[in-house]
$ cat final_24.cif   # mmCIF, C-alpha atoms and all ligand atoms
data_run
#
loop_
_atom_site.group_PDB
_atom_site.id
_atom_site.type_symbol
_atom_site.label_atom_id
_atom_site.label_comp_id
_atom_site.auth_asym_id
_atom_site.auth_seq_id
_atom_site.Cartn_x
_atom_site.Cartn_y
_atom_site.Cartn_z
ATOM 1 C CA MET A 12 10.098 25.875 -15.332
ATOM 2 C CA THR A 13 8.887 22.403 -16.276
ATOM 3 C CA ARG A 14 6.066 21.189 -14.070
ATOM 4 C CA VAL A 15 5.803 17.474 -13.381
ATOM 5 C CA LEU A 16 2.583 16.131 -11.923
ATOM 6 C CA ILE A 17 2.711 12.751 -10.214
ATOM 7 C CA ILE A 18 -0.521 10.994 -9.295
ATOM 8 C CA GLY A 19 -0.002 8.575 -6.413
ATOM 9 C CA GLY A 20 2.451 8.969 -3.537
ATOM 10 C CA ILE A 21 3.530 5.514 -2.425
ATOM 11 C CA ALA A 22 6.396 3.439 -3.808
ATOM 12 C CA ALA A 23 6.387 4.329 -7.507
ATOM 13 C CA GLY A 24 5.224 7.925 -7.143
ATOM 14 C CA MET A 25 7.619 8.993 -4.394
ATOM 15 C CA LYS A 26 10.568 7.132 -5.888
ATOM 16 C CA ALA A 27 9.927 8.901 -9.189
ATOM 17 C CA ALA A 28 9.586 12.258 -7.429
ATOM 18 C CA ALA A 29 12.830 11.820 -5.484
ATOM 19 C CA THR A 30 14.732 10.616 -8.555
ATOM 20 C CA ALA A 31 13.423 13.459 -10.709
ATOM 21 C CA ARG A 32 14.378 16.003 -8.029
ATOM 22 C CA ARG A 33 17.880 14.557 -7.778
ATOM 23 C CA ARG A 34 18.471 14.458 -11.521
ATOM 24 C CA GLN A 35 16.896 17.794 -12.358
ATOM 25 C CA PRO A 36 16.920 20.137 -9.349
ATOM 26 C CA ASP A 37 15.012 22.899 -11.174
ATOM 27 C CA LEU A 38 11.882 20.819 -11.874
ATOM 28 C CA ASP A 39 8.605 21.907 -10.314
ATOM 29 C CA ILE A 40 7.276 18.627 -8.893
ATOM 30 C CA LEU A 41 3.786 18.186 -7.499
ATOM 31 C CA VAL A 42 2.598 14.861 -6.070
ATOM 32 C CA LEU A 43 -1.113 14.341 -5.496
ATOM 33 C CA GLN A 44 -2.050 11.538 -3.175
ATOM 34 C CA ASP A 45 -5.548 10.646 -2.029
ATOM 35 C CA GLU A 46 -4.486 8.855 1.160
ATOM 36 C CA PRO A 47 -3.290 10.736 4.273
ATOM 37 C CA GLU A 48 0.146 9.095 4.268
ATOM 38 C CA VAL A 49 2.795 8.759 1.592
ATOM 39 C CA SER A 50 5.743 6.470 1.038
ATOM 40 C CA TYR A 51 4.631 3.647 3.284
ATOM 41 C CA SER A 52 5.558 0.025 2.920
ATOM 42 C CA ALA A 53 2.563 -2.184 2.247
ATOM 43 C CA CYS A 54 4.944 -5.140 2.506
ATOM 44 C CA GLY A 55 5.350 -4.501 6.223
ATOM 45 C CA LEU A 56 1.646 -4.309 7.006
ATOM 46 C CA PRO A 57 1.103 -8.045 7.645
ATOM 47 C CA PHE A 58 4.106 -8.069 10.007
ATOM 48 C CA SER A 59 2.918 -4.963 11.765
ATOM 49 C CA LEU A 60 -0.542 -6.461 12.251
ATOM 50 C CA GLY A 61 0.877 -9.767 13.421
ATOM 51 C CA ASP A 62 3.344 -8.258 15.868
ATOM 52 C CA PRO A 63 2.610 -4.564 16.475
ATOM 53 C CA ALA A 64 5.018 -4.353 19.405
ATOM 54 C CA ALA A 65 7.965 -5.444 17.252
ATOM 55 C CA ILE A 66 6.894 -3.488 14.190
ATOM 56 C CA PRO A 67 4.897 -0.415 15.215
ATOM 57 C CA ARG A 68 2.682 1.315 12.673
ATOM 58 C CA ALA A 69 5.021 4.309 12.442
ATOM 59 C CA LYS A 70 7.756 2.065 11.083
ATOM 60 C CA SER A 71 5.696 1.377 7.982
ATOM 61 C CA VAL A 72 6.143 4.957 6.812
ATOM 62 C CA ALA A 73 9.524 5.419 5.174
ATOM 63 C CA ARG A 74 9.495 9.222 4.806
ATOM 64 C CA SER A 75 7.028 11.788 6.036
ATOM 65 C CA VAL A 76 5.219 14.406 3.974
ATOM 66 C CA GLU A 77 7.286 17.110 5.725
ATOM 67 C CA ARG A 78 10.536 15.390 4.808
ATOM 68 C CA PHE A 79 9.606 15.316 1.118
ATOM 69 C CA ARG A 80 8.612 18.979 1.278
ATOM 70 C CA THR A 81 11.975 19.828 2.820
ATOM 71 C CA ASP A 82 13.546 18.123 -0.193
ATOM 72 C CA GLY A 83 11.651 20.482 -2.485
ATOM 73 C CA ILE A 84 8.791 18.202 -3.532
ATOM 74 C CA ASP A 85 5.353 19.758 -3.340
ATOM 75 C CA LEU A 86 3.075 17.129 -1.934
ATOM 76 C CA ARG A 87 -0.658 17.289 -1.364
ATOM 77 C CA VAL A 88 -2.219 14.433 0.542
ATOM 78 C CA ARG A 89 -5.958 13.774 0.607
ATOM 79 C CA HIS A 90 -6.234 15.139 -2.896
ATOM 80 C CA ARG A 91 -7.696 12.935 -5.585
ATOM 81 C CA VAL A 92 -7.187 13.448 -9.302
ATOM 82 C CA GLU A 93 -10.569 13.007 -10.913
ATOM 83 C CA GLU A 94 -9.839 13.814 -14.503
ATOM 84 C CA VAL A 95 -6.826 14.434 -16.691
ATOM 85 C CA ASP A 96 -7.035 16.454 -19.881
ATOM 86 C CA LEU A 97 -3.912 15.477 -21.764
ATOM 87 C CA SER A 98 -4.377 17.938 -24.613
ATOM 88 C CA ALA A 99 -4.931 20.901 -22.282
ATOM 89 C CA ARG A 100 -2.336 19.464 -19.868
ATOM 90 C CA ARG A 101 -4.518 20.049 -16.896
ATOM 91 C CA ALA A 102 -5.779 17.790 -14.107
ATOM 92 C CA ARG A 103 -8.967 18.208 -12.153
ATOM 93 C CA VAL A 104 -8.298 17.637 -8.468
ATOM 94 C CA ARG A 105 -10.684 17.240 -5.573
ATOM 95 C CA SER A 106 -9.812 17.687 -1.922
ATOM 96 C CA VAL A 107 -10.928 14.512 -0.163
ATOM 97 C CA VAL A 108 -11.493 16.551 3.012
ATOM 98 C CA SER A 109 -13.396 19.614 1.804
ATOM 99 C CA GLY A 110 -14.625 18.427 -1.590
ATOM 100 C CA GLU A 111 -13.170 21.583 -3.120
ATOM 101 C CA LEU A 112 -12.154 21.347 -6.777
ATOM 102 C CA SER A 113 -9.039 22.818 -8.333
ATOM 103 C CA ALA A 114 -7.175 22.624 -11.631
ATOM 104 C CA GLU A 115 -3.501 21.765 -11.794
ATOM 105 C CA PRO A 116 -1.542 22.477 -14.969
ATOM 106 C CA PHE A 117 1.410 20.253 -15.919
ATOM 107 C CA ASP A 118 4.019 19.744 -18.613
ATOM 108 C CA GLN A 119 4.636 16.102 -17.832
ATOM 109 C CA ILE A 120 2.506 13.628 -15.946
ATOM 110 C CA LEU A 121 3.142 10.299 -14.277
ATOM 111 C CA PHE A 122 0.401 7.891 -13.267
ATOM 112 C CA ALA A 123 1.643 6.029 -10.198
ATOM 113 C CA THR A 124 -1.798 5.020 -9.038
ATOM 114 C CA GLY A 125 -1.008 1.418 -8.125
ATOM 115 C CA ALA A 126 -3.665 -1.232 -7.875
ATOM 116 C CA GLN A 127 -6.755 -1.957 -5.848
ATOM 117 C CA ALA A 128 -7.620 -5.066 -3.909
ATOM 118 C CA ILE A 129 -10.134 -7.314 -5.626
ATOM 119 C CA GLN A 130 -13.184 -7.614 -3.434
ATOM 120 C CA PRO A 131 -14.794 -10.972 -4.135
ATOM 121 C CA ARG A 132 -18.406 -10.654 -5.147
ATOM 122 C CA MET A 133 -20.162 -13.230 -3.078
ATOM 123 C CA PRO A 134 -23.237 -13.238 -0.914
ATOM 124 C CA VAL A 135 -22.484 -12.490 2.732
ATOM 125 C CA ALA A 136 -24.919 -13.566 5.424
ATOM 126 C CA GLU A 137 -26.723 -10.837 7.264
ATOM 127 C CA GLY A 138 -24.860 -9.788 10.385
ATOM 128 C CA ALA A 139 -21.659 -11.516 9.221
ATOM 129 C CA PRO A 140 -18.399 -9.637 9.704
ATOM 130 C CA PRO A 141 -17.333 -7.596 6.689
ATOM 131 C CA VAL A 142 -14.905 -8.836 4.044
ATOM 132 C CA LEU A 143 -12.040 -6.381 4.272
ATOM 133 C CA PRO A 144 -9.058 -5.882 1.978
ATOM 134 C CA LEU A 145 -5.469 -5.347 3.085
ATOM 135 C CA ARG A 146 -3.919 -2.942 0.643
ATOM 136 C CA SER A 147 -3.352 0.316 2.477
ATOM 137 C CA LEU A 148 -2.413 1.632 5.900
ATOM 138 C CA ALA A 149 -6.056 2.578 6.415
ATOM 139 C CA ASP A 150 -7.080 -1.032 5.677
ATOM 140 C CA ALA A 151 -4.516 -2.229 8.216
ATOM 141 C CA ASP A 152 -5.871 0.211 10.811
ATOM 142 C CA ARG A 153 -9.384 -1.117 10.249
ATOM 143 C CA LEU A 154 -8.208 -4.729 10.597
ATOM 144 C CA ARG A 155 -6.150 -3.886 13.672
ATOM 145 C CA GLY A 156 -9.329 -2.813 15.381
ATOM 146 C CA LEU A 157 -10.960 -6.153 14.638
ATOM 147 C CA ILE A 158 -8.223 -8.688 15.350
ATOM 148 C CA ARG A 159 -8.554 -10.400 18.712
ATOM 149 C CA PRO A 160 -6.112 -13.004 19.981
ATOM 150 C CA ASP A 161 -8.985 -15.397 20.677
ATOM 151 C CA GLY A 162 -10.880 -14.447 17.525
ATOM 152 C CA ARG A 163 -11.505 -16.443 14.395
ATOM 153 C CA ALA A 164 -10.744 -15.157 10.928
ATOM 154 C CA VAL A 165 -11.216 -16.419 7.403
ATOM 155 C CA ILE A 166 -8.595 -15.304 4.937
ATOM 156 C CA ILE A 167 -9.508 -15.269 1.282
ATOM 157 C CA GLY A 168 -6.378 -15.741 -0.782
ATOM 158 C CA GLY A 169 -3.234 -17.432 0.422
ATOM 159 C CA GLY A 170 -0.683 -16.713 -2.280
ATOM 160 C CA TYR A 171 2.842 -15.536 -1.913
ATOM 161 C CA ILE A 172 3.092 -11.803 -1.696
ATOM 162 C CA GLY A 173 5.820 -10.525 -3.940
ATOM 163 C CA ARG A 174 9.053 -12.202 -4.897
ATOM 164 C CA SER A 175 11.600 -10.665 -2.589
ATOM 165 C CA ARG A 176 13.516 -12.864 -0.217
ATOM 166 C CA ARG A 177 11.841 -11.584 2.915
ATOM 167 C CA SER A 178 8.338 -11.902 1.582
ATOM 168 C CA ARG A 179 8.151 -15.554 0.656
ATOM 169 C CA PHE A 180 5.583 -16.435 3.197
ATOM 170 C CA VAL A 181 1.850 -16.527 3.307
ATOM 171 C CA LEU A 182 0.226 -13.310 4.372
ATOM 172 C CA CYS A 183 -2.278 -14.805 6.750
ATOM 173 C CA SER A 184 0.306 -16.644 8.798
ATOM 174 C CA SER A 185 2.063 -13.410 9.666
ATOM 175 C CA LEU A 186 -1.204 -11.614 10.188
ATOM 176 C CA PHE A 187 -2.629 -13.743 12.906
ATOM 177 C CA THR A 188 0.279 -15.361 14.654
ATOM 178 C CA GLY A 189 3.160 -12.937 14.415
ATOM 179 C CA PHE A 190 4.775 -15.607 12.250
ATOM 180 C CA ARG A 191 8.090 -14.550 10.661
ATOM 181 C CA PRO A 192 9.696 -16.047 7.588
ATOM 182 C CA CYS A 193 12.415 -18.558 8.329
ATOM 183 C CA ALA A 194 14.818 -20.295 5.997
ATOM 184 C CA SER A 195 12.430 -23.059 4.998
ATOM 185 C CA HIS A 196 9.758 -20.569 4.002
ATOM 186 C CA ARG A 197 12.008 -18.741 1.631
ATOM 187 C CA ARG A 198 11.796 -21.661 -0.728
ATOM 188 C CA THR A 199 9.469 -21.059 -3.613
ATOM 189 C CA GLY A 200 7.209 -23.330 -5.599
ATOM 190 C CA ALA A 201 5.390 -26.453 -4.529
ATOM 191 C CA GLU A 202 7.967 -27.441 -1.929
ATOM 192 C CA GLY A 203 7.812 -24.075 -0.190
ATOM 193 C CA MET A 204 4.022 -24.142 -0.209
ATOM 194 C CA ARG A 205 3.977 -27.663 1.267
ATOM 195 C CA ILE A 206 6.288 -26.670 4.112
ATOM 196 C CA LEU A 207 4.302 -23.556 4.741
ATOM 197 C CA ALA A 208 0.935 -25.307 4.714
ATOM 198 C CA SER A 209 2.196 -27.873 7.233
ATOM 199 C CA ARG A 210 3.490 -25.099 9.500
ATOM 200 C CA MET A 211 0.188 -23.291 9.297
ATOM 201 C CA ILE A 212 -1.723 -26.442 10.141
ATOM 202 C CA ALA A 213 0.627 -26.959 13.103
ATOM 203 C CA MET A 214 -0.404 -23.467 14.196
ATOM 204 C CA GLU A 215 -3.996 -24.685 14.167
ATOM 205 C CA MET A 216 -4.893 -22.836 11.014
ATOM 206 C CA ARG A 217 -7.113 -24.489 8.487
ATOM 207 C CA VAL A 218 -5.539 -24.252 5.036
HETATM 208 C C1 LIG B 301 -0.217 -6.598 2.173
HETATM 209 C C2 LIG B 301 0.795 -6.380 1.081
HETATM 210 C C3 LIG B 301 2.035 -6.978 1.173
HETATM 211 C C4 LIG B 301 2.982 -6.787 0.159
HETATM 212 N N1 LIG B 301 4.203 -7.398 0.280
HETATM 213 C C5 LIG B 301 5.111 -7.214 -0.694
HETATM 214 C C6 LIG B 301 6.389 -7.818 -0.592
HETATM 215 O O1 LIG B 301 6.693 -8.512 0.376
HETATM 216 N N2 LIG B 301 7.278 -7.617 -1.598
HETATM 217 C C7 LIG B 301 6.970 -6.821 -2.698
HETATM 218 O O2 LIG B 301 7.808 -6.651 -3.573
HETATM 219 N N3 LIG B 301 5.752 -6.237 -2.809
HETATM 220 C C8 LIG B 301 4.823 -6.413 -1.851
HETATM 221 N N4 LIG B 301 3.605 -5.817 -1.976
HETATM 222 C C9 LIG B 301 3.302 -5.018 -3.166
HETATM 223 C C10 LIG B 301 3.802 -3.579 -3.040
HETATM 224 O O3 LIG B 301 3.368 -2.997 -1.843
HETATM 225 C C11 LIG B 301 3.243 -2.808 -4.227
HETATM 226 O O4 LIG B 301 3.792 -3.386 -5.398
HETATM 227 C C12 LIG B 301 3.619 -1.342 -4.161
HETATM 228 O O5 LIG B 301 3.005 -0.716 -3.071
HETATM 229 C C13 LIG B 301 3.138 -0.667 -5.435
HETATM 230 O O6 LIG B 301 3.475 0.685 -5.328
HETATM 231 P P1 LIG B 301 2.782 1.754 -6.233
HETATM 232 O O7 LIG B 301 3.342 3.089 -5.855
HETATM 233 O O8 LIG B 301 2.884 1.333 -7.663
HETATM 234 O O9 LIG B 301 1.208 1.681 -5.900
HETATM 235 P P2 LIG B 301 0.424 1.837 -4.540
HETATM 236 O O10 LIG B 301 1.239 1.420 -3.375
HETATM 237 O O11 LIG B 301 -0.890 1.183 -4.755
HETATM 238 O O12 LIG B 301 0.212 3.422 -4.435
HETATM 239 C C14 LIG B 301 -0.621 4.126 -5.305
HETATM 240 C C15 LIG B 301 -1.235 5.281 -4.533
HETATM 241 O O13 LIG B 301 -1.925 6.120 -5.448
HETATM 242 C C16 LIG B 301 -3.144 6.509 -4.869
HETATM 243 N N5 LIG B 301 -4.067 6.898 -5.935
HETATM 244 C C17 LIG B 301 -4.720 6.066 -6.818
HETATM 245 N N6 LIG B 301 -5.488 6.790 -7.650
HETATM 246 C C18 LIG B 301 -5.324 8.091 -7.283
HETATM 247 C C19 LIG B 301 -5.869 9.316 -7.781
HETATM 248 N N7 LIG B 301 -6.729 9.336 -8.801
HETATM 249 N N8 LIG B 301 -5.508 10.477 -7.180
HETATM 250 C C20 LIG B 301 -4.639 10.489 -6.138
HETATM 251 N N9 LIG B 301 -4.076 9.352 -5.634
HETATM 252 C C21 LIG B 301 -4.421 8.174 -6.203
HETATM 253 C C22 LIG B 301 -3.591 5.242 -4.124
HETATM 254 O O14 LIG B 301 -4.591 5.517 -3.159
HETATM 255 C C23 LIG B 301 -2.261 4.832 -3.496
HETATM 256 O O15 LIG B 301 -2.060 5.507 -2.280
HETATM 257 C C24 LIG B 301 2.657 -5.979 -0.976
HETATM 258 C C25 LIG B 301 1.390 -5.365 -1.057
HETATM 259 C C26 LIG B 301 0.465 -5.556 -0.045
HETATM 260 C C27 LIG B 301 -0.887 -4.876 -0.147
#
$ encode --input "final_24.cif" --output "structure tokens"
Amino acid sequence: MTRVLIIGGIAAGMKAAATARRRQPDLDILVLQDEPEVSYSACGLPFSLGDPAAIPRAKSVARSVERFRTDGIDLRVRHRVEEVDLSARRARVRSVVSGELSAEPFDQILFATGAQAIQPRMPVAEGAPPVLPLRSLADADRLRGLIRPDGRAVIIGGGYIGRSRRSRFVLCSSLFTGFRPCASHRRTGAEGMRILASRMIAMEMRV
């Protein structure tokens, strides 16, 4: 039986796993994912942070680990691939929880490891709050613990996230005000940015 190893279990990894299972039911598919959750929508995280009552955390996860397993996809969360030997067709895997090492053989391999947030290298004053990224569910959980309605936040980076219709808005506006995209904010380019900046200023944000 052909064994397919997929590294990374969010959008690309789980879509590939589900598609491979559908097209070739006899494949042996193993997904290794270092985070505790799989198949979550990073796109929804700003909304969920901005308005947790409307968009609870659980809604960010499209399909659970158990659901994938029921569909015949072997899935190991909290397992990090440390090394891949392409000629021996073997991956070295470490359990994030126990630190235990194992070797996983494969016939085919897919790297669906995504990207990491760029942490700006700049001096931070002693005692200042940390500069945190927003890439994963864990990042969102950390931020959720820090956001206070009367608090003050500095957001580094105010670009459009993605190109889909729903996402043409600035991340920070949804993060801290529960702001939702409306028709005017779906416009792209300079005009869209101008409208958005004026709305953010009206919300007493400094842009
Ligand atoms: C806040 C935010 C908002 C976004 N909004 C939108 C939007 O509105 N529209 C849009 O189109 N896109 C949006 N995106 C982008 C979209 O979420 C990403 O393009 C998508 O998640 C990429 O999926 P991926 O599977 O390629 O990678 P990722 O989602 O990064 O998943 C890769 C996974 O692999 C894991 N991994 C990495 N290395 C290893 C390893 N060695 N071993 C095991 N596991 C490993 C990572 O920890 C991660 O869990 C947004 C992203 C963010 C962060």
$ axis_aligned_box --input "final_24.cif" --around "ligand LIG 301 (chain B)" --padding-each-side "5 Å" --output "JSON"
{"center_x": 0.5, "center_y": 1.0, "center_z": -3.3, "size_x": 24.5, "size_y": 29.0, "size_z": 21.0}
$ closest_residue --input "final_24.cif" --among "A:Leu97, A:Val107, A:Ala27, A:Ala69" --to "Tyr51 (chain A)" --atoms "only C-alpha atoms"
A:Ala69
$ closest_residue --input "final_24.cif" --among "A:Val165, A:Ile21, A:Ala102, A:Ala149" --to "Phe117 (chain A)" --atoms "all atoms listed in the file"
A:Ala102
$ resolve_selection --input "final_24.cif" --expression "the PyMOL selection byres (((chain A and resi 119) around 9) and not hetatm)" --output "PDB file with C-alpha atoms, in the frame of the given file"
ATOM      1  CA  THR A  13       8.887  22.403 -16.276  1.00  0.00           C
ATOM      2  CA  ARG A  14       6.066  21.189 -14.070  1.00  0.00           C
ATOM      3  CA  VAL A  15       5.803  17.474 -13.381  1.00  0.00           C
ATOM      4  CA  LEU A  16       2.583  16.131 -11.923  1.00  0.00           C
ATOM      5  CA  ILE A  17       2.711  12.751 -10.214  1.00  0.00           C
ATOM      6  CA  ARG A 100      -2.336  19.464 -19.868  1.00  0.00           C
ATOM      7  CA  PHE A 117       1.410  20.253 -15.919  1.00  0.00           C
ATOM      8  CA  ASP A 118       4.019  19.744 -18.613  1.00  0.00           C
ATOM      9  CA  ILE A 120       2.506  13.628 -15.946  1.00  0.00           C
ATOM     10  CA  LEU A 121       3.142  10.299 -14.277  1.00  0.00           C
TER      11      LEU A 121
END
$ residues_around --input "final_24.cif" --residues "Phe79 (chain A)" --least-positions-apart "4" --cutoff "12 Å" --atoms "only C-alpha atoms" --output "list in words"
Gly20, Gly24, Met25, Lys26, Ala28, Ala29, Thr30, Arg32, Ile40, Leu41, Val42, Glu48, Val49, Ser50, Ala73, Arg74, Ser75, Gly83, Ile84, Asp85, Leu86, Arg87 and Val88 of chain A
$ write_last_selection --input "final_24.cif" --atoms "C-alpha atoms" --output "mmCIF file, keeping the file's coordinate frame"
data_model
loop_
_atom_site.group_PDB
_atom_site.id
_atom_site.type_symbol
_atom_site.label_atom_id
_atom_site.label_comp_id
_atom_site.auth_asym_id
_atom_site.auth_seq_id
_atom_site.Cartn_x
_atom_site.Cartn_y
_atom_site.Cartn_z
ATOM 1 C CA GLY A 20 2.451 8.969 -3.537
ATOM 2 C CA GLY A 24 5.224 7.925 -7.143
ATOM 3 C CA MET A 25 7.619 8.993 -4.394
ATOM 4 C CA LYS A 26 10.568 7.132 -5.888
ATOM 5 C CA ALA A 28 9.586 12.258 -7.429
ATOM 6 C CA ALA A 29 12.830 11.820 -5.484
ATOM 7 C CA THR A 30 14.732 10.616 -8.555
ATOM 8 C CA ARG A 32 14.378 16.003 -8.029
ATOM 9 C CA ILE A 40 7.276 18.627 -8.893
ATOM 10 C CA LEU A 41 3.786 18.186 -7.499
ATOM 11 C CA VAL A 42 2.598 14.861 -6.070
ATOM 12 C CA GLU A 48 0.146 9.095 4.268
ATOM 13 C CA VAL A 49 2.795 8.759 1.592
ATOM 14 C CA SER A 50 5.743 6.470 1.038
ATOM 15 C CA ALA A 73 9.524 5.419 5.174
ATOM 16 C CA ARG A 74 9.495 9.222 4.806
ATOM 17 C CA SER A 75 7.028 11.788 6.036
ATOM 18 C CA GLY A 83 11.651 20.482 -2.485
ATOM 19 C CA ILE A 84 8.791 18.202 -3.532
ATOM 20 C CA ASP A 85 5.353 19.758 -3.340
ATOM 21 C CA LEU A 86 3.075 17.129 -1.934
ATOM 22 C CA ARG A 87 -0.658 17.289 -1.364
ATOM 23 C CA VAL A 88 -2.219 14.433 0.542
#
$ residues_near_ligand --input "final_24.cif" --ligand "ligand LIG 301 (chain B)" --cutoff "6 Å" --atoms "all atoms listed in the file" --output "ChimeraX atom specification"
/A:18-24,43-46,53-54,56-57,90-93,123-126,145-146,172-175,178
$ closest_residue --input "final_24.cif" --among "A:Arg89, A:Ala164, A:Ser52, A:Gln127" --to "Ser109 (chain A)" --atoms "all atoms listed in the file"
A:Arg89
$ atom_distance --input "final_24.cif" --atom1 "CA of Ser71 (chain A)" --atom2 "CA of Arg155 (chain A)"
14.2 Å
$ atom_distance --input "final_24.cif" --atom1 "CA of Pro63 (chain A)" --atom2 "CA of Ala151 (chain A)"
11.2 Å
$ atom_distance --input "final_24.cif" --atom1 "CA of Met133 (chain A)" --atom2 "CA of Ile167 (chain A)"
11.7 Å
$ residues_near_point --input "final_24.cif" --point "(-12.5, -13.6, -4.9)" --cutoff "12 Å" --atoms "all atoms listed in the file" --output "compact mmCIF listing (two decimals) with C-alpha atoms, in the frame of the given file"
# COMPACT_ATOMS: atom_id res chain seq x y z
CA ALA A 128 -7.62 -5.07 -3.91
CA ILE A 129 -10.13 -7.31 -5.63
CA GLN A 130 -13.18 -7.61 -3.43
CA PRO A 131 -14.79 -10.97 -4.14
CA ARG A 132 -18.41 -10.65 -5.15
CA MET A 133 -20.16 -13.23 -3.08
CA PRO A 134 -23.24 -13.24 -0.91
CA VAL A 142 -14.90 -8.84 4.04
CA LEU A 143 -12.04 -6.38 4.27
CA PRO A 144 -9.06 -5.88 1.98
CA ILE A 166 -8.60 -15.30 4.94
CA ILE A 167 -9.51 -15.27 1.28
CA GLY A 168 -6.38 -15.74 -0.78
CA GLY A 169 -3.23 -17.43 0.42
$ closest_residue --input "final_24.cif" --among "A:Leu60, A:Ala31, A:Ala99, A:Ala65" --to "Asp82 (chain A)" --atoms "all atoms listed in the file"
A:Ala31
$ build_atoms --input "final_24.cif" --residues "region 126-140 of chain A" --atoms "N, CA and C atoms" --output "short mmCIF file (atom, residue, chain, number, x, y, z; two decimals), in the coordinates of the input"
data_model
loop_
_atom_site.label_atom_id
_atom_site.label_comp_id
_atom_site.auth_asym_id
_atom_site.auth_seq_id
_atom_site.Cartn_x
_atom_site.Cartn_y
_atom_site.Cartn_z
N ALA A 126 -2.60 -0.27 -7.60
CA ALA A 126 -3.66 -1.23 -7.88
C ALA A 126 -4.63 -1.24 -6.70
N GLN A 127 -5.78 -1.83 -6.94
CA GLN A 127 -6.76 -1.96 -5.85
C GLN A 127 -6.95 -3.43 -5.52
N ALA A 128 -7.33 -3.68 -4.29
CA ALA A 128 -7.62 -5.07 -3.91
C ALA A 128 -8.90 -5.53 -4.60
N ILE A 129 -8.91 -6.76 -5.02
CA ILE A 129 -10.13 -7.31 -5.63
C ILE A 129 -11.05 -7.78 -4.50
N GLN A 130 -12.20 -7.20 -4.44
CA GLN A 130 -13.18 -7.61 -3.43
C GLN A 130 -14.05 -8.70 -4.05
N PRO A 131 -13.99 -9.91 -3.54
CA PRO A 131 -14.79 -10.97 -4.14
C PRO A 131 -16.28 -10.68 -4.05
N ARG A 132 -16.95 -10.88 -5.17
CA ARG A 132 -18.41 -10.65 -5.15
C ARG A 132 -19.08 -11.95 -4.77
N MET A 133 -19.48 -12.02 -3.54
CA MET A 133 -20.16 -13.23 -3.08
C MET A 133 -21.18 -12.83 -2.02
N PRO A 134 -22.24 -13.61 -1.91
CA PRO A 134 -23.24 -13.24 -0.91
C PRO A 134 -22.68 -13.40 0.50
N VAL A 135 -22.95 -12.44 1.33
CA VAL A 135 -22.48 -12.49 2.73
C VAL A 135 -23.73 -12.50 3.62
N ALA A 136 -23.75 -13.43 4.56
CA ALA A 136 -24.92 -13.57 5.42
C ALA A 136 -25.14 -12.29 6.22
N GLU A 137 -26.39 -12.03 6.49
CA GLU A 137 -26.72 -10.84 7.26
C GLU A 137 -26.08 -10.91 8.65
N GLY A 138 -25.49 -9.83 9.06
CA GLY A 138 -24.86 -9.79 10.38
C GLY A 138 -23.46 -10.38 10.41
N ALA A 139 -23.00 -10.93 9.27
CA ALA A 139 -21.66 -11.52 9.22
C ALA A 139 -20.63 -10.39 9.23
N PRO A 140 -19.42 -10.68 9.72
CA PRO A 140 -18.40 -9.64 9.70
C PRO A 140 -18.06 -9.25 8.26
#
